[in-house]
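The file protein.txt comes next; it holds compact mmCIF, C-alpha atoms.
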```txt
# COMPACT_ATOMS: atom_id res chain seq x y z
CA MET A 796 2.27 28.97 36.84
CA ALA A 797 1.36 25.58 38.21
CA SER A 798 -1.46 25.34 40.73
CA LYS A 799 -2.22 22.71 43.29
CA ALA A 800 -4.98 20.19 42.70
CA THR A 801 -8.51 21.20 43.65
CA SER A 802 -11.52 18.95 44.16
CA PHE A 803 -15.17 19.65 43.33
CA SER A 804 -18.03 17.39 44.42
CA THR A 805 -21.41 17.28 42.75
CA GLY A 806 -24.23 14.87 42.05
CA PHE A 807 -27.87 14.13 41.45
CA GLY A 808 -30.12 11.40 42.80
CA ASP A 809 -27.95 8.51 43.93
CA GLN A 810 -25.04 9.52 41.70
CA SER A 811 -22.09 11.44 43.06
CA PHE A 812 -19.08 12.78 41.22
CA GLU A 813 -15.72 14.15 42.25
CA ILE A 814 -13.85 16.30 39.77
CA ILE A 815 -10.20 16.95 40.46
CA SER A 816 -8.37 19.67 38.60
CA SER A 817 -4.60 19.88 38.51
CA GLY A 818 -1.97 21.80 36.56
CA ARG A 819 -2.22 25.11 34.71
CA HIS A 820 -5.88 26.12 34.70
CA ARG A 821 -7.30 29.39 33.63
CA LEU A 822 -10.81 28.27 34.47
CA ASP A 823 -12.65 26.60 37.32
CA LEU A 824 -14.26 24.25 34.84
CA ALA A 825 -15.99 22.01 37.37
CA GLY A 826 -17.54 24.99 39.15
CA PHE A 827 -18.54 26.49 35.81
CA LEU A 828 -20.32 23.30 34.71
CA PHE A 829 -21.81 21.96 37.92
CA GLY A 830 -22.06 24.91 40.29
CA ASP A 831 -25.88 24.82 40.14
CA PHE A 832 -26.37 21.05 40.21
CA PRO A 833 -28.66 20.04 43.08
CA GLY A 834 -26.09 17.74 44.72
CA THR A 835 -26.66 14.39 46.36
CA THR A 836 -26.75 12.85 49.79
CA SER A 837 -25.63 9.51 48.38
CA SER A 838 -23.02 7.69 50.40
CA GLU A 839 -21.90 5.72 47.36
CA GLN A 840 -18.29 6.03 46.26
CA PRO A 841 -18.18 9.00 43.87
CA ARG A 842 -17.26 8.54 40.23
CA ARG A 843 -13.94 10.35 39.81
CA TYR A 844 -12.82 12.54 36.94
CA GLU A 845 -9.58 14.42 36.68
CA ILE A 846 -8.85 17.45 34.54
CA VAL A 847 -5.14 17.94 33.88
CA ALA A 848 -3.63 20.97 32.16
CA PHE A 849 0.03 21.42 31.36
CA GLY A 850 2.16 23.69 29.20
CA LYS A 851 2.02 27.44 28.53
CA GLN A 852 -0.82 27.07 26.08
CA PRO A 853 -2.19 24.26 28.10
CA MET A 854 -2.79 20.86 26.69
CA LEU A 855 -5.86 19.54 28.43
CA SER A 856 -6.84 16.04 29.30
CA LEU A 857 -9.85 14.52 30.99
CA TRP A 858 -9.55 11.22 32.81
CA ASN A 859 -11.96 8.78 34.41
CA ASP A 860 -9.60 6.70 36.54
CA GLU A 861 -7.12 5.24 34.02
CA LYS A 862 -9.28 5.96 30.98
CA ILE A 863 -8.63 9.11 28.96
CA LEU A 864 -11.82 10.78 27.72
CA TYR A 865 -10.38 13.90 26.09
CA TYR A 866 -6.96 15.22 25.06
CA GLY A 867 -6.51 18.50 23.25
CA GLN A 868 -6.56 22.29 23.63
CA SER A 869 -10.28 23.05 23.60
CA TYR A 870 -11.83 23.92 26.95
CA TYR A 871 -15.19 23.68 25.24
CA GLN A 872 -14.65 20.13 24.01
CA LEU A 873 -13.39 19.04 27.40
CA ALA A 874 -16.35 20.71 29.15
CA TYR A 875 -18.79 19.18 26.66
CA THR A 876 -17.31 15.70 27.16
CA LEU A 877 -17.33 15.96 30.94
CA MET A 878 -20.90 17.29 31.02
CA ASN A 879 -22.12 14.46 28.79
CA GLU A 880 -20.37 11.88 30.98
CA VAL A 881 -21.98 13.18 34.14
CA ILE A 882 -25.42 13.50 32.55
CA PHE A 883 -25.19 9.98 31.16
CA HIS A 884 -24.54 8.55 34.62
CA CYS A 885 -27.30 10.66 36.17
CA ILE A 886 -29.78 9.08 33.74
CA ASN A 887 -28.42 5.61 33.16
CA SER A 888 -29.78 3.80 36.19
CA HIS A 889 -32.19 6.45 37.45
CA ASP A 890 -35.58 4.89 38.26
CA LYS A 891 -37.30 7.43 40.51
CA HIS A 892 -38.29 10.11 38.01
CA HIS A 893 -38.97 10.52 34.32
CA ALA A 894 -35.78 11.85 32.72
CA LEU A 895 -36.68 14.03 29.75
CA HIS A 896 -34.38 15.51 27.13
CA ALA A 897 -35.87 18.98 27.48
CA GLY A 898 -35.26 22.60 28.31
CA CYS A 899 -37.37 24.15 31.04
CA VAL A 900 -38.18 27.70 32.15
CA HIS A 901 -40.72 29.28 34.50
CA ASN A 902 -42.59 32.54 34.70
CA GLY A 903 -45.03 33.37 37.49
CA ASN A 904 -47.37 30.43 37.78
CA SER A 905 -46.31 28.94 34.44
CA CYS A 906 -43.62 26.34 33.89
CA PHE A 907 -42.74 25.48 30.30
CA LEU A 908 -41.18 22.15 29.42
CA LEU A 909 -39.43 22.28 26.02
CA PRO A 910 -38.70 18.70 24.91
CA GLY A 911 -36.70 18.04 21.79
CA LYS A 912 -33.83 16.20 20.22
CA SER A 913 -30.42 17.76 19.67
CA GLY A 914 -30.70 20.42 16.99
CA SER A 915 -34.39 21.13 17.59
CA GLY A 916 -33.54 24.59 18.91
CA LYS A 917 -34.58 23.96 22.52
CA SER A 918 -31.36 25.37 24.06
CA SER A 919 -31.54 28.46 21.84
CA LEU A 920 -35.17 28.98 22.81
CA THR A 921 -34.42 28.38 26.50
CA GLY A 922 -31.60 30.94 26.37
CA TRP A 923 -33.76 33.49 24.60
CA LEU A 924 -36.60 33.05 27.07
CA ILE A 925 -34.38 33.55 30.13
CA ALA A 926 -32.69 36.54 28.47
CA ASN A 927 -36.22 37.97 28.26
CA GLY A 928 -37.15 37.49 31.89
CA TYR A 929 -38.13 33.84 32.28
CA GLY A 930 -36.53 31.92 35.15
CA TYR A 931 -33.97 29.27 34.23
CA LEU A 932 -34.36 25.63 35.15
CA THR A 933 -32.40 23.66 32.53
CA ASP A 934 -31.57 23.64 28.82
CA GLU A 935 -31.04 19.89 28.52
CA LEU A 936 -32.39 17.53 31.12
CA ALA A 937 -35.40 17.67 33.40
CA PHE A 938 -36.52 14.96 35.81
CA LEU A 939 -40.27 14.82 36.43
CA SER A 940 -42.01 13.39 39.49
CA ALA A 941 -45.29 11.54 39.01
CA ASP A 942 -47.18 14.72 39.95
CA GLY A 943 -45.39 16.78 37.29
CA GLN A 944 -42.88 18.50 39.58
CA ILE A 945 -39.66 19.39 37.78
CA HIS A 946 -36.26 18.51 39.20
CA PRO A 947 -33.94 20.25 36.74
CA LEU A 948 -30.25 19.85 36.06
CA PRO A 949 -29.20 23.49 35.67
CA ARG A 950 -26.03 23.92 33.65
CA PRO A 951 -24.54 26.54 31.32
CA ILE A 952 -26.64 26.98 28.17
CA SER A 953 -25.00 24.77 25.55
CA LEU A 954 -25.31 25.89 21.95
CA LYS A 955 -23.97 24.03 18.95
CA VAL A 956 -22.63 26.21 16.16
CA ASN A 957 -25.02 25.82 13.32
CA SER A 958 -25.26 28.37 10.55
CA SER A 959 -28.95 27.65 10.11
CA HIS A 960 -29.78 28.72 13.65
CA PRO A 961 -30.76 32.29 14.48
CA ALA A 962 -27.94 34.59 15.55
CA TRP A 963 -27.50 34.63 19.29
CA PRO A 964 -27.95 38.05 20.95
CA ALA A 965 -24.66 39.92 20.54
CA ALA A 966 -24.48 41.00 24.17
CA ALA A 967 -24.23 37.39 25.25
CA THR A 968 -21.49 36.38 22.85
CA GLN A 969 -19.29 39.29 23.87
CA ALA A 970 -19.60 38.72 27.57
CA ASP A 971 -16.88 37.15 29.70
CA GLY A 972 -17.18 33.64 30.98
CA ILE A 973 -18.33 31.89 27.82
CA ILE A 974 -16.46 28.76 26.78
CA SER A 975 -16.51 28.20 23.07
CA ASP A 976 -14.70 26.87 20.03
CA THR A 977 -15.66 26.53 16.38
CA THR A 978 -18.23 23.83 17.13
CA GLY A 979 -20.20 25.30 20.01
CA ALA A 980 -20.46 27.46 23.09
CA MET A 981 -21.41 27.17 26.74
CA ILE A 982 -22.92 30.32 28.16
CA PRO A 983 -23.33 30.83 31.92
CA HIS A 984 -27.07 31.27 32.36
CA ARG A 985 -26.56 34.19 34.75
CA LEU A 986 -25.11 36.20 31.87
CA LEU A 987 -28.54 36.00 30.27
CA ASN A 988 -30.57 36.42 33.44
CA PRO A 989 -28.68 37.22 36.68
CA ALA A 990 -31.84 36.74 38.74
CA TYR A 991 -31.45 33.00 39.13
CA GLU A 992 -33.10 31.16 41.97
CA ALA A 993 -33.19 27.37 42.16
CA CYS A 994 -36.75 26.05 42.27
CA GLU A 995 -38.77 22.95 41.38
CA PRO A 996 -42.18 24.03 40.01
CA ARG A 997 -44.79 21.81 38.41
CA VAL A 998 -44.94 21.78 34.66
CA THR A 999 -47.96 23.61 33.24
CA HIS A 1000 -47.16 23.73 29.50
CA ILE A 1001 -45.36 21.32 27.20
CA ILE A 1002 -44.01 23.01 24.08
CA PHE A 1003 -42.21 21.02 21.40
CA PRO A 1004 -39.90 23.54 19.67
CA LYS A 1005 -38.61 23.07 16.15
CA PHE A 1006 -36.29 25.56 14.54
CA LYS A 1007 -36.90 25.66 10.79
CA ALA A 1008 -34.98 28.21 8.73
CA GLY A 1009 -37.26 30.51 6.77
CA ALA A 1010 -40.47 29.16 8.27
CA GLU A 1011 -43.17 31.40 9.66
CA SER A 1012 -43.62 31.01 13.39
CA GLU A 1013 -46.49 28.76 14.23
CA LEU A 1014 -47.83 27.64 17.59
CA THR A 1015 -50.27 24.74 17.33
CA GLU A 1016 -52.11 23.19 20.23
CA LEU A 1017 -51.66 19.42 20.54
CA SER A 1018 -54.11 16.94 21.98
CA PRO A 1019 -52.91 15.11 25.11
CA ALA A 1020 -52.57 11.84 23.15
CA LYS A 1021 -50.37 13.42 20.48
CA SER A 1022 -48.36 15.25 23.12
CA SER A 1023 -47.80 12.01 25.06
CA LEU A 1024 -46.61 10.27 21.94
CA ARG A 1025 -44.15 13.05 21.14
CA LEU A 1026 -42.95 13.22 24.73
CA LEU A 1027 -41.97 9.56 24.57
CA GLU A 1028 -39.33 10.51 21.97
CA SER A 1029 -37.60 12.60 24.64
CA HIS A 1030 -38.06 10.14 27.51
CA VAL A 1031 -34.54 8.92 28.11
CA ASN A 1032 -34.88 6.50 31.04
CA ALA A 1033 -38.15 4.76 30.09
CA ARG A 1034 -36.44 1.36 30.27
CA ASN A 1035 -35.88 1.84 34.02
CA LEU A 1036 -39.53 2.55 34.85
CA ASP A 1037 -42.53 0.33 35.43
CA GLY A 1038 -44.46 -0.01 32.14
CA HIS A 1039 -41.87 2.32 30.62
CA GLY A 1040 -43.48 5.09 32.65
CA ILE A 1041 -46.02 5.73 29.92
CA ALA A 1042 -49.17 5.72 32.07
CA GLU A 1043 -47.60 8.11 34.58
CA LEU A 1044 -46.23 10.38 31.87
CA SER A 1045 -49.67 10.46 30.22
CA ASN A 1046 -51.20 11.63 33.51
CA ILE A 1047 -48.71 14.50 33.66
CA VAL A 1048 -49.55 15.47 30.08
CA ARG A 1049 -53.28 15.51 30.90
CA GLN A 1050 -52.61 18.22 33.52
CA CYS A 1051 -50.84 20.46 30.97
CA GLN A 1052 -51.53 22.36 27.80
CA SER A 1053 -49.37 21.13 24.92
CA PHE A 1054 -48.18 22.87 21.77
CA SER A 1055 -45.85 22.39 18.87
CA LEU A 1056 -43.83 25.51 18.01
CA VAL A 1057 -42.10 26.10 14.68
CA TYR A 1058 -39.85 29.15 14.62
CA SER A 1059 -37.14 30.71 12.51
CA SER A 1060 -36.33 33.89 14.44
CA PHE A 1061 -36.66 35.13 17.98
CA GLU A 1062 -38.35 38.34 16.91
CA GLU A 1063 -41.40 36.36 15.79
CA LEU A 1064 -41.64 34.75 19.22
CA ARG A 1065 -42.19 38.02 21.07
CA ASP A 1066 -45.92 38.02 20.41
CA ILE A 1067 -46.26 34.47 21.65
CA PHE A 1068 -44.14 34.59 24.79
CA LEU A 1069 -43.61 38.20 25.81
CA THR A 1070 -46.64 40.33 25.13
CA PRO A 1071 -49.32 40.31 27.85
CA SER A 1072 -51.93 39.19 25.29
CA GLY A 1073 -49.61 36.52 23.84
CA GLN A 1074 -50.86 32.98 23.34
CA LEU A 1075 -48.71 31.66 26.18
CA GLN A 1076 -49.24 34.49 28.64
CA MET B 372 -54.48 -7.38 2.08
CA ASN B 373 -56.90 -10.27 1.93
CA ASP B 374 -60.32 -9.33 3.37
CA SER B 375 -60.76 -12.82 4.77
CA ALA B 376 -57.66 -12.39 6.94
CA LYS B 377 -58.25 -12.02 10.67
CA PRO B 378 -56.34 -9.48 12.76
CA VAL B 379 -55.13 -10.90 16.06
CA VAL B 380 -54.36 -8.31 18.69
CA ASN B 381 -50.93 -8.33 20.33
CA GLN B 382 -51.73 -8.63 24.04
CA GLU B 383 -48.52 -6.84 24.99
CA TYR B 384 -50.11 -3.53 24.04
CA VAL B 385 -51.84 -1.50 26.74
CA VAL B 386 -54.36 1.27 26.16
CA GLU B 387 -54.00 4.82 27.41
CA GLN B 388 -57.29 6.61 26.76
CA PHE B 389 -57.51 10.40 26.13
CA ASP B 390 -61.16 11.39 25.47
CA ASP B 391 -61.73 10.33 21.84
CA GLU B 392 -58.07 9.55 21.14
CA MET B 393 -55.81 6.89 22.53
CA LEU B 394 -52.28 5.62 22.71
CA LEU B 395 -51.43 1.97 22.50
CA TYR B 396 -48.11 1.20 24.05
CA SER B 397 -46.08 -1.92 24.45
CA LYS B 398 -45.42 -3.17 27.98
CA THR B 399 -42.14 -4.74 26.90
CA ALA B 400 -40.72 -2.35 24.33
CA THR B 401 -40.49 1.41 24.08
CA ARG B 402 -43.04 1.60 21.33
CA ALA B 403 -46.30 3.53 21.17
CA VAL B 404 -48.94 4.09 18.53
CA TYR B 405 -51.33 7.03 18.35
CA LEU B 406 -54.93 6.22 17.36
CA ASN B 407 -57.48 8.72 16.17
CA GLU B 408 -61.19 8.01 16.48
CA THR B 409 -61.31 5.85 13.34
CA ALA B 410 -58.23 3.84 14.23
CA HIS B 411 -59.62 3.40 17.73
CA ALA B 412 -62.80 1.85 16.27
CA VAL B 413 -60.78 -0.47 14.02
CA TRP B 414 -58.63 -1.56 16.95
CA LEU B 415 -61.73 -2.38 19.04
CA LEU B 416 -63.13 -4.48 16.19
CA CYS B 417 -59.81 -6.30 15.83
CA GLY B 418 -60.33 -7.47 19.41
CA ALA B 419 -63.78 -8.83 18.53
CA GLY B 420 -62.38 -11.61 16.33
CA LEU B 421 -63.76 -10.21 13.05
CA SER B 422 -62.11 -10.63 9.65
CA VAL B 423 -60.92 -7.58 7.67
CA GLY B 424 -64.03 -7.80 5.46
CA GLN B 425 -66.33 -8.04 8.48
CA ILE B 426 -64.70 -5.00 10.07
CA ILE B 427 -65.30 -3.02 6.88
CA GLU B 428 -68.94 -4.18 6.66
CA HIS B 429 -69.52 -3.31 10.30
CA LEU B 430 -68.14 0.21 9.95
CA GLU B 431 -70.07 0.78 6.69
CA GLN B 432 -73.28 0.03 8.57
CA ILE B 433 -72.39 2.46 11.36
CA TYR B 434 -71.12 5.23 9.04
CA PRO B 435 -73.11 4.79 5.76
CA GLU B 436 -72.31 8.36 4.67
CA GLN B 437 -68.57 7.47 4.60
CA LYS B 438 -69.02 4.13 2.83
CA ASP B 439 -66.74 5.05 -0.11
CA GLN B 440 -63.84 5.83 2.18
CA ILE B 441 -64.13 3.16 4.85
CA SER B 442 -62.48 0.26 3.02
CA ASP B 443 -59.35 2.31 2.27
CA ASP B 444 -59.25 3.67 5.82
CA VAL B 445 -59.53 0.21 7.36
CA HIS B 446 -56.80 -1.24 5.13
CA THR B 447 -54.47 1.70 5.86
CA THR B 448 -55.09 1.45 9.59
CA LEU B 449 -54.54 -2.31 9.67
CA GLU B 450 -51.29 -1.93 7.72
CA MET B 451 -50.13 0.65 10.25
CA PHE B 452 -51.08 -1.73 13.09
CA ALA B 453 -49.21 -4.61 11.45
CA VAL B 454 -46.06 -2.52 10.88
CA ASN B 455 -46.08 -1.56 14.57
CA HIS B 456 -46.79 -5.17 15.69
CA VAL B 457 -50.09 -4.11 17.26
CA ILE B 458 -51.79 -6.93 15.34
CA GLU B 459 -50.83 -9.99 13.41
CA LEU B 460 -52.89 -10.83 10.33
CA ILE B 461 -53.81 -14.52 10.20
CA ASP B 462 -54.97 -16.04 6.93
CA GLY B 463 -58.68 -16.69 7.32
CA LYS B 464 -58.99 -19.27 4.53
```
Could you spell out this file's structure in structure tokens?
Amino acid sequence: MASKATSFSTGFGDQSFEIISSGRHRLDLAGFLFGDFPGTTSSEQPRRYEIVAFGKQPMLSLWNDEKILYYGQSYYQLAYTLMNEVIFHCINSHDKHHALHAGCVHNGNSCFLLPGKSGSGKSSLTGWLIANGYGYLTDELAFLSADGQIHPLPRPISLKVNSSHPAWPAAATQADGIISDTTGAMIPHRLLNPAYEACEPRVTHIIFPKFKAGAESELTELSPAKSSLRLLESHVNARNLDGHGIAELSNIVRQCQSFSLVYSSFEELRDIFLTPSGQLQ
Amino acid sequence: MNDSAKPVVNQEYVVEQFDDEMLLYSKTATRAVYLNETAHAVWLLCGAGLSVGQIIEHLEQIYPEQKDQISDDVHTTLEMFAVNHVIELIDGK
């Protein structure tokens, strides 16, 4: 059954986006992806995307004006492409905060920033932490003010399928509302922790996760200088900031405790993150 | 590396000090170098206009108990600086 076109507006900073959906949809994809984005008060013309679905087993396409960005049958691939487009434009010209490729969670007075490249295991760790009671902020991109306050981009937890990664908790993979194909999955964060409340705490801990199959879990404290150096690898808008933002970022690091974390299973992380006497409690 | 060569510091690098460690970072490129205490000392001496040999001699006087190791450490550190464009080595002859 055909449905009429719907429009969804979202944004961050001075970037605004309008996502129009038309045709046979079984999902409110825009709401699924961007329902928790902070929004924008920008009066700039929004960047427009259109999701079109047609056919009984719908063929999907994603358009930016006249340019086609995706064509195929995978909701996951379309969602992944659209999310990456929007995130790219949120970062590309942003010059007010430090954009960091990082997950982020909070717990009481603690706020953990989890910087890392794709494949480091930061989304898996973020998902596991929120499934175990931590508050969700983001699994991918955090903007930091000069004083260390986090302005997260909350989105569904995005996991790439990788046989070397630890098995995701079964309850999550069986739940409704997950978009997936053979290459990855997007999991609504409320499936893992329904008690979501948007907030913007200050970062207190910087933890550089690294999934390493077969390795023994190891949490090692890092000096502020080493932490700053590693954080630069995840600093995605440095070119837009005065002095590449390094002095300001170093000041934020000085206010935090920093660690590197090697892990191969979630079970081993319980003692570190969940027990009252754990190293990060 | 010739010990008569003189390291010339690249003025584009700025120092970010963390207690006894530091980061040098480039004002014009997204590039940063971590320095431990030893590398920090070598970098300071590079700025004093000394040759490689004079830097080694100077550090051997300050740390006589590490004399056997200092020459290797200085050469390794200067090579790391040169690779990262923190210094340029000018032939001193």
Worksheet entry | Exercise: Ser905 of chain A partners within 9 Å, all atoms listed in the file, chain neighbours under 5 positions left out, as a ChimeraX atom specification | /A:900,996-1000,1076
Worksheet entry | Spatial neighbours of Asn455 of chain B, max dist 9 Å, all atoms listed in the file, sep filter under 5 positions, as a ChimeraX atom specification | /B:402-404,450
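Shell of segment 421-423 of chain B at 9 Å, with all atoms listed in the file counted and residues fewer than 3 places along the chain excluded, is B:Met372, B:Asn373, B:Asp374, B:Ser375, B:Ala376, B:Lys377, B:Pro378, B:Leu416, B:Cys417, B:Gly418, B:Ile426, B:Ile427, B:Glu428, B:Val445, B:His446, B:Leu449, B:Gly463.
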Practice prompt. Show which residues sit within 12 Å of Ile882 of chain A, as a ChimeraX atom specification. Count only C-alpha atoms, and ignore same-chain residues fewer than 6 positions away.
Written response: /A:805-808,810-812,828-829,832,875-876,888-889,894-896,935-938,947-950,1031-1032
Fill in: Proximal residues of chain A relative to chain B (all atoms listed in the file; 10 Å) as a PyMOL selection string
chain A and resi 1018-1025+1027-1028+1030+1033-1034+1037-1042+1045-1046+1049
Just write the chosen residues, C-alpha atoms, as a PDB file, in the frame of the given file.
```
ATOM      1  CA  SER A1018     -54.110  16.940  21.980  1.00  0.00           C
ATOM      2  CA  PRO A1019     -52.910  15.110  25.110  1.00  0.00           C
ATOM      3  CA  ALA A1020     -52.570  11.840  23.150  1.00  0.00           C
ATOM      4  CA  LYS A1021     -50.370  13.420  20.480  1.00  0.00           C
ATOM      5  CA  SER A1022     -48.360  15.250  23.120  1.00  0.00           C
ATOM      6  CA  SER A1023     -47.800  12.010  25.060  1.00  0.00           C
ATOM      7  CA  LEU A1024     -46.610  10.270  21.940  1.00  0.00           C
ATOM      8  CA  ARG A1025     -44.150  13.050  21.140  1.00  0.00           C
ATOM      9  CA  LEU A1027     -41.970   9.560  24.570  1.00  0.00           C
ATOM     10  CA  GLU A1028     -39.330  10.510  21.970  1.00  0.00           C
ATOM     11  CA  HIS A1030     -38.060  10.140  27.510  1.00  0.00           C
ATOM     12  CA  ALA A1033     -38.150   4.760  30.090  1.00  0.00           C
ATOM     13  CA  ARG A1034     -36.440   1.360  30.270  1.00  0.00           C
ATOM     14  CA  ASP A1037     -42.530   0.330  35.430  1.00  0.00           C
ATOM     15  CA  GLY A1038     -44.460  -0.010  32.140  1.00  0.00           C
ATOM     16  CA  HIS A1039     -41.870   2.320  30.620  1.00  0.00           C
ATOM     17  CA  GLY A1040     -43.480   5.090  32.650  1.00  0.00           C
ATOM     18  CA  ILE A1041     -46.020   5.730  29.920  1.00  0.00           C
ATOM     19  CA  ALA A1042     -49.170   5.720  32.070  1.00  0.00           C
ATOM     20  CA  SER A1045     -49.670  10.460  30.220  1.00  0.00           C
ATOM     21  CA  ASN A1046     -51.200  11.630  33.510  1.00  0.00           C
ATOM     22  CA  ARG A1049     -53.280  15.510  30.900  1.00  0.00           C
TER      23      ARG A1049
END
```
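Remark: for Ala453 of chain B, the closest of the candidate residues B:Gln432, B:Gln425, B:Gly420, B:Val380 is B:Val380 (distances computed over only C-alpha atoms).
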Worksheet entry | Distance in Å - atom CA of Leu1056 of chain A versus atom CA of Thr448 of chain B | 27.9 Å
Worksheet entry | Computed interatomic separation between atom CA of Thr977 of chain A and atom CA of Gly867 of chain A (Å) |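 About the pair atom CA of Thr977 of chain A and atom CA of Gly867 of chain A: they are 14.0 Å apart.
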Tell me which protein, DNA and RNA residues are within 12 Å of Ile863 of chain A, counting all atoms listed in the file, leaving out same-chain ones fewer than 6 positions away, and put them as a PDB file with C-alpha atoms, in the coordinates of the input.
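Everything below was put into part.pdb:
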```pdb
ATOM      1  CA  TYR A 844     -12.820  12.540  36.940  1.00  0.00           C
ATOM      2  CA  GLU A 845      -9.580  14.420  36.680  1.00  0.00           C
ATOM      3  CA  ILE A 846      -8.850  17.450  34.540  1.00  0.00           C
ATOM      4  CA  VAL A 847      -5.140  17.940  33.880  1.00  0.00           C
ATOM      5  CA  LEU A 855      -5.860  19.540  28.430  1.00  0.00           C
ATOM      6  CA  SER A 856      -6.840  16.040  29.300  1.00  0.00           C
ATOM      7  CA  LEU A 857      -9.850  14.520  30.990  1.00  0.00           C
ATOM      8  CA  LEU A 873     -13.390  19.040  27.400  1.00  0.00           C
ATOM      9  CA  THR A 876     -17.310  15.700  27.160  1.00  0.00           C
ATOM     10  CA  LEU A 877     -17.330  15.960  30.940  1.00  0.00           C
TER      11      LEU A 877
END
```
